[in-house]
Amino acid sequence: MTTDTTTSKDRPAATPAGETVLDAKGVTMRFGGLTAVRSVDLTVNSGEIVGLIGPNGAGKTTFFNCLTGLYIPTEGEVRYKGKVLPSKSFKVTAAGVARTFQNIRLFANMTVLENVLVGRHTRTKEGLWSALLRGPGFHKAEAKSKARALELLEFVGLAEKADHLSRNLPYGEQRKLEIARALASEPGLLLLDEPTAGMNPQETRATEELVFAIRDMGIAVLVIEHDMRFIFNLCDRVAVLVQGEKLVEGDSETVQQDDRVIAAYLGEPFEGAPGSTEADATGNEENSR
Ligand SMILES: Nc1ncnc2c1ncn2[C@@H]1O[C@H](COP(=O)(O)OP(=O)(O)OP(=O)(O)O)[C@@H](O)[C@H]1O
């Protein structure tokens, strides 16, 4: 992996340090009677790596889907660099927010390089006629995209496998390829959904280094992960979701020392647990009958 951070005029300028990149306010997502995410506020600032953790079913992926236009939140607002994000995922990507998925979504029968080139489509300006006529503008743009895609493959350590079919890559490398494809859209914010799922400890450590290098390129990162060592090593700030609500937010030390977080993971009751008021209310109602 290299940490080449060469800039190009096509890439968005890095956001000034400390500026709010993502600002989610009061995000709520209901599916019928189920509230998967309840009034969650979260910010990510430039230069930050923020972790989103929580037990299974806590609403982490649903929250990601609300941030990236896959779901339109029932309530709340999501801003990227001050502007409300559009409600279509390709427009969110074009605005500067890229993501990877919990279940890898590569084009299995395309090469590694082609997969990254697909990720560049929001950044190529060549129109339909140019592509059909294959004029000089098209060839120039194509060469530029290819050069950038190869640069990104070098960055994630897959340059030598550019011509391999993506389906033939080992699992850990497929996850890296997903990251390279997301980076190809030149985001200012990268959302990673369980980037180390299925990786061995060595691959997980390498992914940690990769995420640090992405942050050093000027891209803010929001990451969902169940591997706590990975999260606490990596993140400047960690938010904990429990039953769709944000229970705690703070630096790694604060979160690790919070007994409520441990109780939530163990499924043990604790005072003020999300959903407990409703449970109490139901219980009281029953008791009063
Ligand atoms: N499209 C949907 N329709 C109905 N319910 C959904 C939908 N998507 C998610 N849910 C429900 O919302 C809740 C939160 O799910 P979500 O996948 O966001 O949790 P998570 O924290 O990402 O879990 P995990 O760590 O297991 O991936 C769960 O109860 C889930 O069953």
# chains A, B, ... in the order shown; residues from 1 in each chain; ligands from 1
call {"tool": "closest_atom_pairs", "arguments": {"of": "chain A", "to": "ligand 1", "cutoff": "9 Å", "atoms": "only C-alpha atoms and all ligand atoms", "output": "tab-separated table"}}
result
residue	atom	partner	partner_atom_place_in_ligand_line	distance
A:Met29	CA	ligand 1	12 (O)	8.6
A:Arg30	CA	ligand 1	5 (N)	8.0
A:Phe31	CA	ligand 1	4 (C)	5.0
A:Gly32	CA	ligand 1	4 (C)	7.6
A:Leu34	CA	ligand 1	5 (N)	6.9
A:Thr35	CA	ligand 1	12 (O)	7.2
A:Ala36	CA	ligand 1	12 (O)	4.3
A:Val37	CA	ligand 1	14 (C)	7.2
A:Ile53	CA	ligand 1	21 (O)	7.6
A:Gly54	CA	ligand 1	21 (O)	6.1
A:Pro55	CA	ligand 1	25 (O)	5.9
A:Asn56	CA	ligand 1	26 (O)	3.6
A:Gly57	CA	ligand 1	19 (O)	3.4
A:Ala58	CA	ligand 1	21 (O)	3.7
A:Gly59	CA	ligand 1	18 (O)	3.3
A:Lys60	CA	ligand 1	21 (O)	3.8
A:Thr61	CA	ligand 1	22 (O)	3.7
A:Thr62	CA	ligand 1	18 (O)	3.7
A:Phe63	CA	ligand 1	18 (O)	6.4
A:Phe64	CA	ligand 1	18 (O)	8.0
A:Asn65	CA	ligand 1	18 (O)	8.3
A:Tyr71	CA	ligand 1	1 (N)	8.7
A:Gln102	CA	ligand 1	27 (O)	7.5
A:Asp193	CA	ligand 1	22 (O)	8.5
A:Glu194	CA	ligand 1	27 (O)	8.3
A:Ile224	CA	ligand 1	22 (O)	8.2
A:Glu225	CA	ligand 1	25 (O)	8.0
A:His226	CA	ligand 1	25 (O)	7.2
A:Leu241	CA	ligand 1	21 (O)	7.5
A:Val242	CA	ligand 1	21 (O)	8.1
A:Gln243	CA	ligand 1	14 (C)	7.6
A:Gly244	CA	ligand 1	14 (C)	7.0
call {"tool": "write_last_selection", "arguments": {"atoms": "N, CA, C and O atoms", "output": "tab-separated table (two decimals), in the first residue's frame"}}
result
chain	number	residue	atom	x	y	z
A	29	MET	N	-36.10	6.52	11.51
A	29	MET	CA	-36.56	5.65	10.42
A	29	MET	C	-37.51	4.61	10.98
A	29	MET	O	-37.13	3.82	11.84
A	30	ARG	N	-38.73	4.65	10.48
A	30	ARG	CA	-39.73	3.67	10.93
A	30	ARG	C	-40.07	2.75	9.78
A	30	ARG	O	-40.21	3.19	8.65
A	31	PHE	N	-40.20	1.47	10.11
A	31	PHE	CA	-40.73	0.49	9.16
A	31	PHE	C	-42.05	0.02	9.75
A	31	PHE	O	-42.03	-0.79	10.69
A	32	GLY	N	-43.15	0.52	9.28
A	32	GLY	CA	-44.44	0.17	9.88
A	32	GLY	C	-44.40	0.54	11.36
A	32	GLY	O	-44.10	1.66	11.72
A	34	LEU	N	-42.26	-0.58	13.53
A	34	LEU	CA	-40.92	-0.69	14.13
A	34	LEU	C	-40.11	0.58	13.91
A	34	LEU	O	-39.94	1.02	12.77
A	35	THR	N	-39.61	1.16	15.01
A	35	THR	CA	-38.73	2.32	14.86
A	35	THR	C	-37.29	1.80	14.92
A	35	THR	O	-36.78	1.46	15.98
A	36	ALA	N	-36.66	1.72	13.75
A	36	ALA	CA	-35.30	1.15	13.68
A	36	ALA	C	-34.26	2.18	14.12
A	36	ALA	O	-33.22	1.83	14.69
A	37	VAL	N	-34.52	3.46	13.83
A	37	VAL	CA	-33.61	4.55	14.24
A	37	VAL	C	-34.49	5.66	14.81
A	37	VAL	O	-35.49	6.03	14.20
A	53	ILE	N	-21.12	1.98	16.73
A	53	ILE	CA	-21.19	0.60	17.21
A	53	ILE	C	-22.56	0.37	17.87
A	53	ILE	O	-23.32	1.30	18.10
A	54	GLY	N	-22.80	-0.88	18.22
A	54	GLY	CA	-24.06	-1.24	18.87
A	54	GLY	C	-24.36	-2.69	18.63
A	54	GLY	O	-23.88	-3.27	17.64
A	55	PRO	N	-25.18	-3.29	19.49
A	55	PRO	CA	-25.50	-4.71	19.33
A	55	PRO	C	-26.21	-4.98	18.01
A	55	PRO	O	-26.68	-4.04	17.35
A	56	ASN	N	-26.33	-6.24	17.63
A	56	ASN	CA	-27.04	-6.61	16.40
A	56	ASN	C	-28.45	-6.04	16.42
A	56	ASN	O	-29.12	-6.08	17.44
A	57	GLY	N	-28.84	-5.49	15.28
A	57	GLY	CA	-30.21	-4.96	15.16
A	57	GLY	C	-30.40	-3.59	15.80
A	57	GLY	O	-31.52	-3.11	15.92
A	58	ALA	N	-29.30	-2.94	16.19
A	58	ALA	CA	-29.40	-1.63	16.87
A	58	ALA	C	-29.82	-0.51	15.93
A	58	ALA	O	-30.23	0.56	16.38
A	59	GLY	N	-29.68	-0.72	14.62
A	59	GLY	CA	-30.10	0.31	13.66
A	59	GLY	C	-28.94	0.96	12.92
A	59	GLY	O	-29.13	1.95	12.21
A	60	LYS	N	-27.74	0.40	13.04
A	60	LYS	CA	-26.55	1.03	12.45
A	60	LYS	C	-26.65	1.10	10.91
A	60	LYS	O	-26.45	2.16	10.32
A	61	THR	N	-26.94	-0.04	10.30
A	61	THR	CA	-27.01	-0.05	8.83
A	61	THR	C	-28.18	0.78	8.35
A	61	THR	O	-28.08	1.50	7.34
A	62	THR	N	-29.30	0.73	9.08
A	62	THR	CA	-30.45	1.56	8.69
A	62	THR	C	-30.05	3.03	8.72
A	62	THR	O	-30.41	3.81	7.82
A	63	PHE	N	-29.30	3.42	9.74
A	63	PHE	CA	-28.84	4.81	9.84
A	63	PHE	C	-27.95	5.15	8.63
A	63	PHE	O	-28.11	6.20	8.00
A	64	PHE	N	-27.02	4.26	8.28
A	64	PHE	CA	-26.17	4.46	7.10
A	64	PHE	C	-27.04	4.63	5.85
A	64	PHE	O	-26.77	5.48	5.01
A	65	ASN	N	-28.07	3.79	5.75
A	65	ASN	CA	-28.94	3.87	4.57
A	65	ASN	C	-29.67	5.21	4.52
A	65	ASN	O	-29.93	5.74	3.43
A	71	TYR	N	-32.52	5.03	2.00
A	71	TYR	CA	-33.80	5.24	2.67
A	71	TYR	C	-34.02	6.75	2.82
A	71	TYR	O	-33.07	7.50	3.06
A	102	GLN	N	-22.13	-3.89	3.95
A	102	GLN	CA	-21.88	-5.03	4.83
A	102	GLN	C	-21.72	-6.30	3.99
A	102	GLN	O	-20.81	-7.08	4.21
A	193	ASP	N	-19.21	0.04	6.11
A	193	ASP	CA	-20.10	-0.82	6.88
A	193	ASP	C	-19.42	-2.18	7.09
A	193	ASP	O	-19.32	-2.98	6.16
A	194	GLU	N	-18.92	-2.39	8.29
A	194	GLU	CA	-18.22	-3.61	8.69
A	194	GLU	C	-17.08	-3.98	7.72
A	194	GLU	O	-17.09	-5.05	7.11
A	224	ILE	N	-18.87	1.52	10.73
A	224	ILE	CA	-19.60	0.56	11.57
A	224	ILE	C	-18.72	-0.67	11.68
A	224	ILE	O	-18.19	-1.15	10.66
A	225	GLU	N	-18.55	-1.18	12.88
A	225	GLU	CA	-17.74	-2.40	13.01
A	225	GLU	C	-18.06	-3.09	14.33
A	225	GLU	O	-18.35	-2.44	15.32
A	226	HIS	N	-18.03	-4.42	14.30
A	226	HIS	CA	-18.24	-5.18	15.53
A	226	HIS	C	-16.93	-5.49	16.25
A	226	HIS	O	-16.94	-5.86	17.42
A	241	LEU	N	-25.15	3.01	19.34
A	241	LEU	CA	-26.60	2.90	19.11
A	241	LEU	C	-27.12	1.69	19.85
A	241	LEU	O	-26.52	0.61	19.79
A	242	VAL	N	-28.24	1.87	20.53
A	242	VAL	CA	-28.91	0.74	21.19
A	242	VAL	C	-30.39	0.89	20.91
A	242	VAL	O	-30.97	1.97	21.16
A	243	GLN	N	-30.97	-0.14	20.34
A	243	GLN	CA	-32.39	-0.11	19.96
A	243	GLN	C	-32.76	1.17	19.23
A	243	GLN	O	-33.76	1.82	19.54
A	244	GLY	N	-31.91	1.56	18.30
A	244	GLY	CA	-32.20	2.70	17.44
A	244	GLY	C	-31.88	4.07	18.02
A	244	GLY	O	-31.96	5.07	17.33
call {"tool": "closest_residue", "arguments": {"among": "A:Pro170, A:Pro269, A:Gly47, A:Gly82", "to": "Arg215 (chain A)", "atoms": "only C-alpha atoms"}}
result
A:Gly47
call {"tool": "closest_atom_pairs", "arguments": {"of": "region 68-95 of chain A", "to": "region 184-187 of chain A", "cutoff": "12 Å", "atoms": "only C-alpha atoms", "output": "Markdown table"}}
result
| residue | atom | partner | partner_atom | distance |
| --- | --- | --- | --- | --- |
| A:Tyr80 | CA | A:Pro187 | CA | 11.1 |
| A:Lys81 | CA | A:Pro187 | CA | 11.8 |
| A:Phe90 | CA | A:Ser185 | CA | 10.4 |
| A:Lys91 | CA | A:Ser185 | CA | 11.3 |
| A:Val92 | CA | A:Pro187 | CA | 9.9 |
| A:Thr93 | CA | A:Ser185 | CA | 7.0 |
| A:Ala94 | CA | A:Ser185 | CA | 7.3 |
| A:Ala95 | CA | A:Pro187 | CA | 8.0 |
call {"tool": "write_last_selection", "arguments": {"atoms": "N, CA and C atoms", "output": "compact mmCIF listing (two decimals), in the first residue's frame"}}
result
# COMPACT_ATOMS: atom_id res chain seq x y z
N TYR A 80 -24.52 17.51 4.21
CA TYR A 80 -23.11 17.26 3.90
C TYR A 80 -22.49 18.60 3.52
N LYS A 81 -21.51 19.00 4.29
CA LYS A 81 -20.86 20.31 4.10
C LYS A 81 -21.90 21.43 4.00
N PHE A 90 -27.27 7.82 -5.97
CA PHE A 90 -26.22 8.25 -6.89
C PHE A 90 -25.94 9.75 -6.76
N LYS A 91 -26.98 10.50 -6.35
CA LYS A 91 -26.77 11.94 -6.15
C LYS A 91 -25.97 12.19 -4.87
N VAL A 92 -26.19 11.33 -3.88
CA VAL A 92 -25.42 11.45 -2.63
C VAL A 92 -23.94 11.18 -2.93
N THR A 93 -23.69 10.16 -3.75
CA THR A 93 -22.31 9.86 -4.14
C THR A 93 -21.70 11.04 -4.89
N ALA A 94 -22.47 11.59 -5.82
CA ALA A 94 -21.97 12.73 -6.60
C ALA A 94 -21.69 13.94 -5.70
N ALA A 95 -22.50 14.06 -4.62
CA ALA A 95 -22.29 15.19 -3.69
C ALA A 95 -21.00 15.03 -2.90
call {"tool": "select_by_dssp", "arguments": {"residues": "region 50-286 of chain A", "states": "helix (DSSP H, G or I)", "output": "MDAnalysis selection string"}}
result
chainID A and resid 60:67 89:95 112:119 121:123 128:133 136:156 159:161 166:168 171:183 201:216 228:234 252:257 259:266 276:286
call {"tool": "atom_distance", "arguments": {"atom1": "CA of Arg181 (chain A)", "atom2": "CA of Val118 (chain A)"}}
result
7.4 Å
call {"tool": "closest_residue", "arguments": {"among": "A:Tyr265, A:Phe270, A:Phe212, A:Tyr171", "to": "Met228 (chain A)", "atoms": "only C-alpha atoms"}}
result
A:Tyr265
call {"tool": "select_by_dssp", "arguments": {"residues": "region 58-279 of chain A", "states": "strand (DSSP E)", "output": "PyMOL selection string"}}
result
chain A and resi 75-80+83-84+97-99+189-193+220-224+237-242+245-250
call {"tool": "write_last_selection", "arguments": {"atoms": "N, CA and C atoms", "output": "tab-separated table (two decimals), in the first residue's frame"}}
result
chain	number	residue	atom	x	y	z
A	75	GLU	N	-38.19	11.01	9.63
A	75	GLU	CA	-38.01	12.36	10.17
A	75	GLU	C	-36.52	12.68	10.17
A	76	GLY	N	-36.22	13.97	10.24
A	76	GLY	CA	-34.83	14.38	10.39
A	76	GLY	C	-34.21	14.89	9.11
A	77	GLU	N	-32.99	15.33	9.22
A	77	GLU	CA	-32.31	15.97	8.10
A	77	GLU	C	-30.83	15.57	8.10
A	78	VAL	N	-30.30	15.38	6.91
A	78	VAL	CA	-28.88	15.04	6.79
A	78	VAL	C	-28.21	16.06	5.89
A	79	ARG	N	-27.19	16.72	6.42
A	79	ARG	CA	-26.45	17.70	5.63
A	79	ARG	C	-25.02	17.24	5.41
A	80	TYR	N	-24.52	17.51	4.21
A	80	TYR	CA	-23.11	17.26	3.90
A	80	TYR	C	-22.49	18.60	3.52
A	83	LYS	N	-25.04	21.40	3.11
A	83	LYS	CA	-26.17	21.28	2.18
A	83	LYS	C	-26.95	20.01	2.46
A	84	VAL	N	-28.29	20.12	2.43
A	84	VAL	CA	-29.12	18.93	2.65
A	84	VAL	C	-28.84	17.93	1.53
A	97	VAL	N	-20.35	11.80	-0.83
A	97	VAL	CA	-20.43	10.78	0.24
A	97	VAL	C	-20.41	9.40	-0.41
A	98	ALA	N	-19.39	8.62	-0.12
A	98	ALA	CA	-19.29	7.27	-0.70
A	98	ALA	C	-19.39	6.24	0.42
A	99	ARG	N	-19.74	5.02	0.04
A	99	ARG	CA	-19.89	4.00	1.08
A	99	ARG	C	-19.50	2.61	0.57
A	189	LEU	N	-16.35	12.24	2.34
A	189	LEU	CA	-16.74	11.42	3.49
A	189	LEU	C	-16.93	9.99	3.00
A	190	LEU	N	-16.31	9.05	3.71
A	190	LEU	CA	-16.43	7.64	3.35
A	190	LEU	C	-17.11	6.90	4.49
A	191	LEU	N	-18.16	6.16	4.16
A	191	LEU	CA	-18.88	5.36	5.15
A	191	LEU	C	-18.53	3.89	4.93
A	192	LEU	N	-18.01	3.26	5.96
A	192	LEU	CA	-17.60	1.86	5.83
A	192	LEU	C	-18.50	1.01	6.72
A	193	ASP	N	-19.21	0.04	6.11
A	193	ASP	CA	-20.10	-0.82	6.88
A	193	ASP	C	-19.42	-2.18	7.09
A	220	ALA	N	-12.91	12.30	5.54
A	220	ALA	CA	-13.44	11.93	6.86
A	220	ALA	C	-14.08	10.54	6.74
A	221	VAL	N	-14.06	9.80	7.85
A	221	VAL	CA	-14.55	8.41	7.80
A	221	VAL	C	-15.56	8.16	8.92
A	222	LEU	N	-16.65	7.50	8.56
A	222	LEU	CA	-17.62	7.00	9.55
A	222	LEU	C	-17.67	5.49	9.35
A	223	VAL	N	-17.42	4.74	10.43
A	223	VAL	CA	-17.28	3.30	10.26
A	223	VAL	C	-18.13	2.51	11.26
A	224	ILE	N	-18.87	1.52	10.73
A	224	ILE	CA	-19.60	0.56	11.57
A	224	ILE	C	-18.72	-0.67	11.68
A	237	ARG	N	-13.71	9.35	17.81
A	237	ARG	CA	-14.97	9.45	18.52
A	237	ARG	C	-15.80	8.22	18.18
A	238	VAL	N	-16.58	7.77	19.17
A	238	VAL	CA	-17.40	6.58	18.93
A	238	VAL	C	-18.82	6.88	19.43
A	239	ALA	N	-19.82	6.55	18.61
A	239	ALA	CA	-21.22	6.69	19.03
A	239	ALA	C	-21.80	5.29	19.17
A	240	VAL	N	-22.58	5.09	20.22
A	240	VAL	CA	-23.16	3.77	20.47
A	240	VAL	C	-24.66	3.83	20.25
A	241	LEU	N	-25.15	3.01	19.34
A	241	LEU	CA	-26.60	2.90	19.11
A	241	LEU	C	-27.12	1.69	19.85
A	242	VAL	N	-28.24	1.87	20.53
A	242	VAL	CA	-28.91	0.74	21.19
A	242	VAL	C	-30.39	0.89	20.91
A	245	GLU	N	-31.50	4.10	19.30
A	245	GLU	CA	-31.20	5.40	19.92
A	245	GLU	C	-29.70	5.52	20.21
A	246	LYS	N	-29.22	6.76	20.18
A	246	LYS	CA	-27.82	6.97	20.55
A	246	LYS	C	-27.73	6.98	22.07
A	247	LEU	N	-27.00	5.99	22.59
A	247	LEU	CA	-26.89	5.85	24.04
A	247	LEU	C	-25.75	6.69	24.59
A	248	VAL	N	-24.60	6.62	23.95
A	248	VAL	CA	-23.39	7.28	24.42
A	248	VAL	C	-22.60	7.76	23.22
A	249	GLU	N	-21.86	8.85	23.40
A	249	GLU	CA	-20.91	9.26	22.37
A	249	GLU	C	-19.70	9.87	23.06
A	250	GLY	N	-18.53	9.51	22.63
A	250	GLY	CA	-17.34	10.08	23.25
A	250	GLY	C	-16.08	9.46	22.67
